[in-house]
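Q: For reference, the structure I am asking about is given below.
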Protein chains: 2
Amino acid sequence: MATDDLMTRALEALGDDGPLSVEAIHRLADLGDLPEMMTIAEVADLLDISPHTLRYYERAGLVEVARDGNGHRVYDAEVVRRMVFLTRMRLSGMPMRDLRHYISLVDSGAHTVPERLDVLVEHRDTIRRRIRELTLSLTAVEYKIATYGGSTGPDVQTLGTTTGTDRMAMPDEPLRRAVPAE
Amino acid sequence: MATDDLMTRALEALGDDGPLSVEAIHRLADLGDLPEMMTIAEVADLLDISPHTLRYYERAGLVEVARDGNGHRVYDAEVVRRMVFLTRMRLSGMPMRDLRHYISLVDSGAHTVPERLDVLVEHRDTIRRRIRELTLSLTAVEYKIATYGGSTGPDVQTLGTTTGTDRMAMPDEPLRRAVPAE
DNA sequence: TTTTGCGTTCGAGCGCGCTCGAAGTCCTAG
DNA sequence: CTAGGACTTCGAGCGCGCTCGAACGCAAAA
């Protein structure tokens with residue numbers, strides 16, 4: 001029940017807009033058919049980040065990666081999974097510092113699970129807040145586009161609409177520009 | 001129709017979570033009962049940013065603000081409206097550089113309206129994309145919280161649930177930790 | 001008259017998250 | 001034998017958006 005619901009919502013979230021969705025779905029679902037060993041280039045490719053960044057994360061203490069005989073990094077499945085996690089959290093806006101904290105909890109044993117949950121829950125709330133903020137901004141921008149006579153609706157009325165009172169936010173000029181200067 | 005719809009969505013967006021919402025609604029709606037003249041401190045207060053930042057935006061060429069006899073900044077209603085706009089756009093993640101561009105369009109006359117719309121539409125799409133990303137991340141985090149036995153559902157099962165196959169993303173440890181080290 | 005307080009300018013500094021380049025090692029293909 | 005390419009470490013640099021502090025000006029209150 002819960003899982004199905006989540007999946008449904010994930011798919012809904014994807015909805016329109018092709019390319020990003022495919023990639024996103026891929027990342028959301030595909031784990032398990034991971035190669036046993038991967039090179040830095042392969043992992044970078046998988047996560048769509050640069051090898052530079054991967055090394056940087058390692059330097060930052062977020063993962064430890066084994067080396068082969070030549071001193072080259074060897075990413076095993078577990079490490080790759082962690083990298084996937086880290087990348088995902090970064091993408092959702094969690095700062096490195098928090099990630100470091102979380103990782104240190106993970107590395108210090110199962111008894112830190114409650115504290116890890118605290119971190120996750122807090123981050124969840126942060127994401128929710130951010131989504132709400134963005135939704136609000138989106139509304140405002142859409143409104144402005146609409147009153148500008150933008151491409152939101154079918155009938156485009158350029159200027160004139162904007163001479164009236166801008167009762168809702170998003171002002172810059174179209175008010176007061178009854179007789180433009182140009 | 002369109003306006004009502006937008007307003008509805010804005011209110012929906014606020015929904016839960018008190019303090020932020022009140023503030024947000026305030027910002028979304030309240031414009032028009034602006035004082036004719038405001039000091040930097042008042043504007044800073046209104047926008048909930050520091051006077052430092054306000055001066056910084058000015059230095060960055062986003063607004064020009066008049067001075068009084070003492071060389072102190074005097075924000076008139078128009079400038080304040082622009083500041084509100086700028087702040088809102090910043091909050092929604094538009095980079096300063098784009099804002100500078102937009103402002104330069106505004107300042108160069110009504111004939112730039114189409115180009116301004118382009119900017120707005122593009123930004124709208126950016127916000128939408130970001131919301132989609134965040135929604136996805138949110139789902140993933142919620143899933144992880146759930147499988148951890150977090151506070152998402154009513155019945156909390158700590159550990160044990162997490163021993164199974166993590167079919168969906170977000171792995172770090174709870175797998176493979178059948179016999180924890182600690 | 002001195003102090004308090006709010007403002008000014010200017011330039012430097014900071015935190016974050018990369019991003020890059022130099023210099024070196026090693027393996028493989030031509 | 002040599003050239004190319006993928007990797008390594010290390011440290012520096014960068015873009016962004018503030019954020020701060022020093023040194024100063026002016027005006028009303030103590």
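We name chains A, B, ... following the order of the structure tokens; residues begin at 1 in each chain, and ligands are numbered from 1 as shown.
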Write down, as a PDB file with N, CA, C and O atoms, in the first residue's frame, each residue of chain B that has any atom within 10 Å of an atom of chain D, counting only C-alpha atoms (C1' of nucleotides).

A:
```pdb
ATOM      1  N   SER B  50      18.883  41.825   4.943  1.00  0.00           N
ATOM      2  CA  SER B  50      19.659  42.819   5.673  1.00  0.00           C
ATOM      3  C   SER B  50      19.879  44.068   4.833  1.00  0.00           C
ATOM      4  O   SER B  50      19.878  44.014   3.599  1.00  0.00           O
ATOM      5  N   HIS B  52      22.588  45.442   4.438  1.00  0.00           N
ATOM      6  CA  HIS B  52      23.786  45.085   3.674  1.00  0.00           C
ATOM      7  C   HIS B  52      23.399  44.538   2.303  1.00  0.00           C
ATOM      8  O   HIS B  52      23.925  44.954   1.276  1.00  0.00           O
ATOM      9  N   THR B  53      22.507  43.603   2.326  1.00  0.00           N
ATOM     10  CA  THR B  53      22.072  42.975   1.086  1.00  0.00           C
ATOM     11  C   THR B  53      21.392  43.974   0.168  1.00  0.00           C
ATOM     12  O   THR B  53      21.612  43.978  -1.045  1.00  0.00           O
ATOM     13  N   TYR B  56      23.917  45.932  -1.393  1.00  0.00           N
ATOM     14  CA  TYR B  56      24.599  45.065  -2.359  1.00  0.00           C
ATOM     15  C   TYR B  56      23.822  44.991  -3.673  1.00  0.00           C
ATOM     16  O   TYR B  56      24.417  45.083  -4.748  1.00  0.00           O
ATOM     17  N   TYR B  57      22.531  44.839  -3.590  1.00  0.00           N
ATOM     18  CA  TYR B  57      21.710  44.779  -4.802  1.00  0.00           C
ATOM     19  C   TYR B  57      21.828  46.077  -5.591  1.00  0.00           C
ATOM     20  O   TYR B  57      21.827  46.067  -6.823  1.00  0.00           O
ATOM     21  N   ASN B  70      20.889  64.063   3.739  1.00  0.00           N
ATOM     22  CA  ASN B  70      22.022  63.491   4.475  1.00  0.00           C
ATOM     23  C   ASN B  70      22.736  62.381   3.718  1.00  0.00           C
ATOM     24  O   ASN B  70      23.606  61.720   4.276  1.00  0.00           O
ATOM     25  N   GLY B  71      22.312  62.162   2.506  1.00  0.00           N
ATOM     26  CA  GLY B  71      22.915  61.078   1.735  1.00  0.00           C
ATOM     27  C   GLY B  71      22.317  59.724   2.085  1.00  0.00           C
ATOM     28  O   GLY B  71      22.797  58.690   1.602  1.00  0.00           O
ATOM     29  N   PRO B  95      19.233  33.571 -10.781  1.00  0.00           N
ATOM     30  CA  PRO B  95      20.552  34.138 -10.492  1.00  0.00           C
ATOM     31  C   PRO B  95      20.584  35.647 -10.721  1.00  0.00           C
ATOM     32  O   PRO B  95      19.858  36.169 -11.568  1.00  0.00           O
ATOM     33  N   MET B  96      21.431  36.313 -10.002  1.00  0.00           N
ATOM     34  CA  MET B  96      21.612  37.765 -10.104  1.00  0.00           C
ATOM     35  C   MET B  96      21.826  38.192 -11.552  1.00  0.00           C
ATOM     36  O   MET B  96      21.297  39.202 -11.995  1.00  0.00           O
ATOM     37  N   ARG B  97      22.614  37.441 -12.234  1.00  0.00           N
ATOM     38  CA  ARG B  97      22.965  37.767 -13.624  1.00  0.00           C
ATOM     39  C   ARG B  97      21.708  37.890 -14.494  1.00  0.00           C
ATOM     40  O   ARG B  97      21.542  38.860 -15.241  1.00  0.00           O
TER      41      ARG B  97
END
```

Q: Kindly determine which residues of chain C lie within 9 Å of chain A, considering only C-alpha atoms (C1' of nucleotides), and give the answer as an NGL selection string.

A: :C and (16-20 or 25-26)

Q: Output all heavy atoms of each residue in that selection to a file, as a CSV table (one decimal), in the first residue's frame.

A:
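The result, written out as out21.csv:
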```
chain,number,residue,atom,x,y,z
C,16,DC,P,30.0,26.1,4.9
C,16,DC,OP1,28.9,25.8,5.9
C,16,DC,OP2,31.3,25.6,5.1
C,16,DC,O5',29.5,25.7,3.5
C,16,DC,C5',28.4,26.4,2.9
C,16,DC,C4',28.6,26.2,1.4
C,16,DC,O4',29.6,27.1,0.9
C,16,DC,C3',29.0,24.8,1.0
C,16,DC,O3',27.8,24.2,0.4
C,16,DC,C2',30.1,25.1,-0.1
C,16,DC,C1',30.0,26.6,-0.4
C,16,DC,N1,31.2,27.3,-0.8
C,16,DC,C2,31.3,27.9,-2.0
C,16,DC,O2,30.3,27.9,-2.7
C,16,DC,N3,32.4,28.6,-2.4
C,16,DC,C4,33.4,28.6,-1.6
C,16,DC,N4,34.5,29.3,-1.9
C,16,DC,C5,33.4,28.0,-0.3
C,16,DC,C6,32.3,27.3,0.1
C,17,DG,P,27.7,22.7,0.2
C,17,DG,OP1,26.3,22.3,0.2
C,17,DG,OP2,28.7,22.1,1.2
C,17,DG,O5',28.3,22.5,-1.2
C,17,DG,C5',27.6,23.2,-2.3
C,17,DG,C4',28.4,23.1,-3.5
C,17,DG,O4',29.5,24.0,-3.5
C,17,DG,C3',29.0,21.7,-3.8
C,17,DG,O3',28.8,21.4,-5.2
C,17,DG,C2',30.5,21.9,-3.5
C,17,DG,C1',30.7,23.3,-3.9
C,17,DG,N9,31.9,24.0,-3.5
C,17,DG,C8,32.5,23.8,-2.3
C,17,DG,N7,33.6,24.5,-2.1
C,17,DG,C5,33.7,25.3,-3.3
C,17,DG,C6,34.6,26.2,-3.7
C,17,DG,O6,35.6,26.7,-3.1
C,17,DG,N1,34.3,26.8,-5.0
C,17,DG,C2,33.2,26.4,-5.7
C,17,DG,N2,33.0,27.0,-6.9
C,17,DG,N3,32.3,25.5,-5.3
C,17,DG,C4,32.6,25.0,-4.1
C,18,DC,P,28.7,19.9,-5.6
C,18,DC,OP1,28.1,19.9,-7.0
C,18,DC,OP2,28.1,19.1,-4.5
C,18,DC,O5',30.3,19.5,-5.7
C,18,DC,C5',31.0,19.6,-6.9
C,18,DC,C4',31.1,21.0,-7.4
C,18,DC,O4',31.9,21.7,-6.5
C,18,DC,C3',31.8,21.1,-8.7
C,18,DC,O3',31.1,22.0,-9.5
C,18,DC,C2',33.2,21.6,-8.4
C,18,DC,C1',32.9,22.4,-7.1
C,18,DC,N1,34.1,22.6,-6.2
C,18,DC,C2,35.0,23.6,-6.5
C,18,DC,O2,34.9,24.3,-7.5
C,18,DC,N3,36.1,23.7,-5.6
C,18,DC,C4,36.2,22.9,-4.6
C,18,DC,N4,37.2,23.1,-3.7
C,18,DC,C5,35.3,21.9,-4.3
C,18,DC,C6,34.2,21.8,-5.2
C,19,DT,P,31.2,21.8,-11.1
C,19,DT,OP1,30.3,22.8,-11.7
C,19,DT,OP2,31.0,20.4,-11.4
C,19,DT,O5',32.7,22.2,-11.5
C,19,DT,C5',33.1,23.5,-11.7
C,19,DT,C4',34.5,23.6,-11.9
C,19,DT,O4',35.3,23.4,-10.7
C,19,DT,C3',35.1,22.6,-13.0
C,19,DT,O3',35.5,23.4,-14.1
C,19,DT,C2',36.2,21.9,-12.2
C,19,DT,C1',36.5,22.8,-11.1
C,19,DT,N1,37.1,22.3,-9.8
C,19,DT,C2,38.2,22.9,-9.3
C,19,DT,O2,38.8,23.8,-9.8
C,19,DT,N3,38.6,22.3,-8.1
C,19,DT,C4,38.1,21.3,-7.4
C,19,DT,O4,38.5,20.9,-6.4
C,19,DT,C5,36.9,20.7,-8.0
C,19,DT,C7,36.2,19.5,-7.4
C,19,DT,C6,36.5,21.2,-9.2
C,20,DC,P,36.0,22.7,-15.4
C,20,DC,OP1,35.4,23.6,-16.5
C,20,DC,OP2,35.8,21.3,-15.4
C,20,DC,O5',37.5,23.0,-15.3
C,20,DC,C5',37.9,24.2,-14.6
C,20,DC,C4',39.4,24.2,-14.3
C,20,DC,O4',39.7,23.7,-13.0
C,20,DC,C3',40.3,23.4,-15.3
C,20,DC,O3',41.2,24.3,-15.8
C,20,DC,C2',40.9,22.3,-14.4
C,20,DC,C1',40.9,22.9,-13.0
C,20,DC,N1,40.8,22.0,-11.9
C,20,DC,C2,41.7,22.1,-10.8
C,20,DC,O2,42.6,22.9,-10.9
C,20,DC,N3,41.7,21.2,-9.8
C,20,DC,C4,40.7,20.3,-9.8
C,20,DC,N4,40.7,19.5,-8.7
C,20,DC,C5,39.7,20.2,-10.8
C,20,DC,C6,39.8,21.0,-11.8
C,25,DT,P,56.9,9.4,-11.8
C,25,DT,OP1,57.8,8.9,-10.8
C,25,DT,OP2,57.4,9.7,-13.2
C,25,DT,O5',55.7,8.5,-11.9
C,25,DT,C5',54.9,8.2,-10.8
C,25,DT,C4',53.8,7.2,-11.1
C,25,DT,O4',52.9,7.8,-12.1
C,25,DT,C3',54.4,5.9,-11.8
C,25,DT,O3',53.8,4.8,-11.2
C,25,DT,C2',53.9,6.1,-13.3
C,25,DT,C1',52.6,6.9,-13.1
C,25,DT,N1,52.2,7.7,-14.3
C,25,DT,C2,51.0,7.5,-14.8
C,25,DT,O2,50.2,6.6,-14.5
C,25,DT,N3,50.7,8.3,-15.9
C,25,DT,C4,51.4,9.3,-16.4
C,25,DT,O4,51.1,10.0,-17.4
C,25,DT,C5,52.7,9.5,-15.8
C,25,DT,C7,53.7,10.6,-16.3
C,25,DT,C6,53.0,8.7,-14.7
C,26,DC,P,54.5,3.4,-11.4
C,26,DC,OP1,54.3,2.6,-10.2
C,26,DC,OP2,55.8,3.6,-12.0
C,26,DC,O5',53.6,2.7,-12.5
C,26,DC,C5',52.2,2.4,-12.2
C,26,DC,C4',51.4,2.2,-13.5
C,26,DC,O4',51.5,3.5,-14.3
C,26,DC,C3',52.0,1.2,-14.5
C,26,DC,O3',51.2,0.0,-14.3
C,26,DC,C2',51.9,1.8,-15.8
C,26,DC,C1',51.2,3.1,-15.6
C,26,DC,N1,51.6,4.2,-16.5
C,26,DC,C2,50.7,4.7,-17.4
C,26,DC,O2,49.6,4.2,-17.5
C,26,DC,N3,51.0,5.8,-18.2
C,26,DC,C4,52.2,6.3,-18.1
C,26,DC,N4,52.5,7.4,-18.9
C,26,DC,C5,53.2,5.9,-17.1
C,26,DC,C6,52.8,4.8,-16.3
```

Q: Could you tell me how far atom CA of Val119 of chain A sits from atom CA of His101 of chain A, in Å to one decimal place?

A: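 Distance reported for this atom pair: 8.9 Å.
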
Q: Which polymer residues have any atom within 10 Å of an atom of Ser92 of chain B, counting only C-alpha atoms (C1' of nucleotides), with same-chain residues fewer than 5 positions away left out, as a PDB file with C-alpha atoms, in the first residue's frame?

A:
```
ATOM      1  CA  ARG A 130      11.333  24.410  -0.461  1.00  0.00           C
ATOM      2  CA  GLU A 133       8.226  28.158  -1.609  1.00  0.00           C
ATOM      3  CA  LEU A 134       8.834  27.265  -5.202  1.00  0.00           C
ATOM      4  CA  THR A 135       5.190  26.544  -5.823  1.00  0.00           C
ATOM      5  CA  LEU A 136       4.389  29.969  -4.523  1.00  0.00           C
ATOM      6  CA  SER A 137       7.040  31.566  -6.703  1.00  0.00           C
ATOM      7  CA  LEU A 138       5.778  29.598  -9.645  1.00  0.00           C
ATOM      8  CA  ALA A 140       3.603  34.449  -8.915  1.00  0.00           C
ATOM      9  CA  VAL A 141       5.643  34.105 -12.083  1.00  0.00           C
TER      10      VAL A 141
ATOM     11  CA  LEU B  86      13.819  41.132  -7.090  1.00  0.00           C
ATOM     12  CA  THR B  87      13.668  39.474  -3.701  1.00  0.00           C
ATOM     13  CA  HIS B 123      12.411  30.959 -15.444  1.00  0.00           C
ATOM     14  CA  ARG B 124       8.961  29.488 -14.962  1.00  0.00           C
ATOM     15  CA  THR B 126      13.223  26.256 -14.443  1.00  0.00           C
ATOM     16  CA  ILE B 127      11.069  26.485 -11.346  1.00  0.00           C
ATOM     17  CA  ARG B 130      13.170  22.168  -9.864  1.00  0.00           C
TER      18      ARG B 130
END
```

Q: Write down as a VMD selection string the residues of segment 61-161 of chain B whose backbone DSSP state falls under alpha helix (DSSP H).

A: chain B and resid 77 to 91 96 to 107 113 to 148

Q: At what distance in Å, to one decimal, does atom CA of Arg55 of chain A lie from atom CA of Ala41 of chain A?

A: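 Result for atom CA of Ala41 of chain A versus atom CA of Arg55 of chain A: 11.0 Å, one decimal.
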
Q: Under the rule that only C-alpha atoms are counted, which of A:Glu42, A:Asp107, A:Glu58, A:Asp98 is the nearest residue to chain B?

A: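 Nearest candidate to chain B out of A:Glu42, A:Asp107, A:Glu58, A:Asp98: A:Asp107.
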
Q: Rank A:Met38, A:Leu99, A:Pro114, A:Arg82 by their smallest atom-to-atom distance to chain B, using only C-alpha atoms, and report the top residue only.

A: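 With only C-alpha atoms as the atom set, the closest residue is A:Arg82.
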
Q: Rank nothing, just name the residue among A:Glu142, A:Glu36, A:Glu115, A:Asp45 nearest to chain B, using only C-alpha atoms.

A: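 Result for the nearest residue to chain B: A:Glu142.
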
Q: Have a look at atom CA of Glu64 of chain B and atom CA of Val79 of chain B and let me know their distance in Å, one decimal.

A: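 Calculated distance between atom CA of Glu64 of chain B and atom CA of Val79 of chain B is 7.8 Å.
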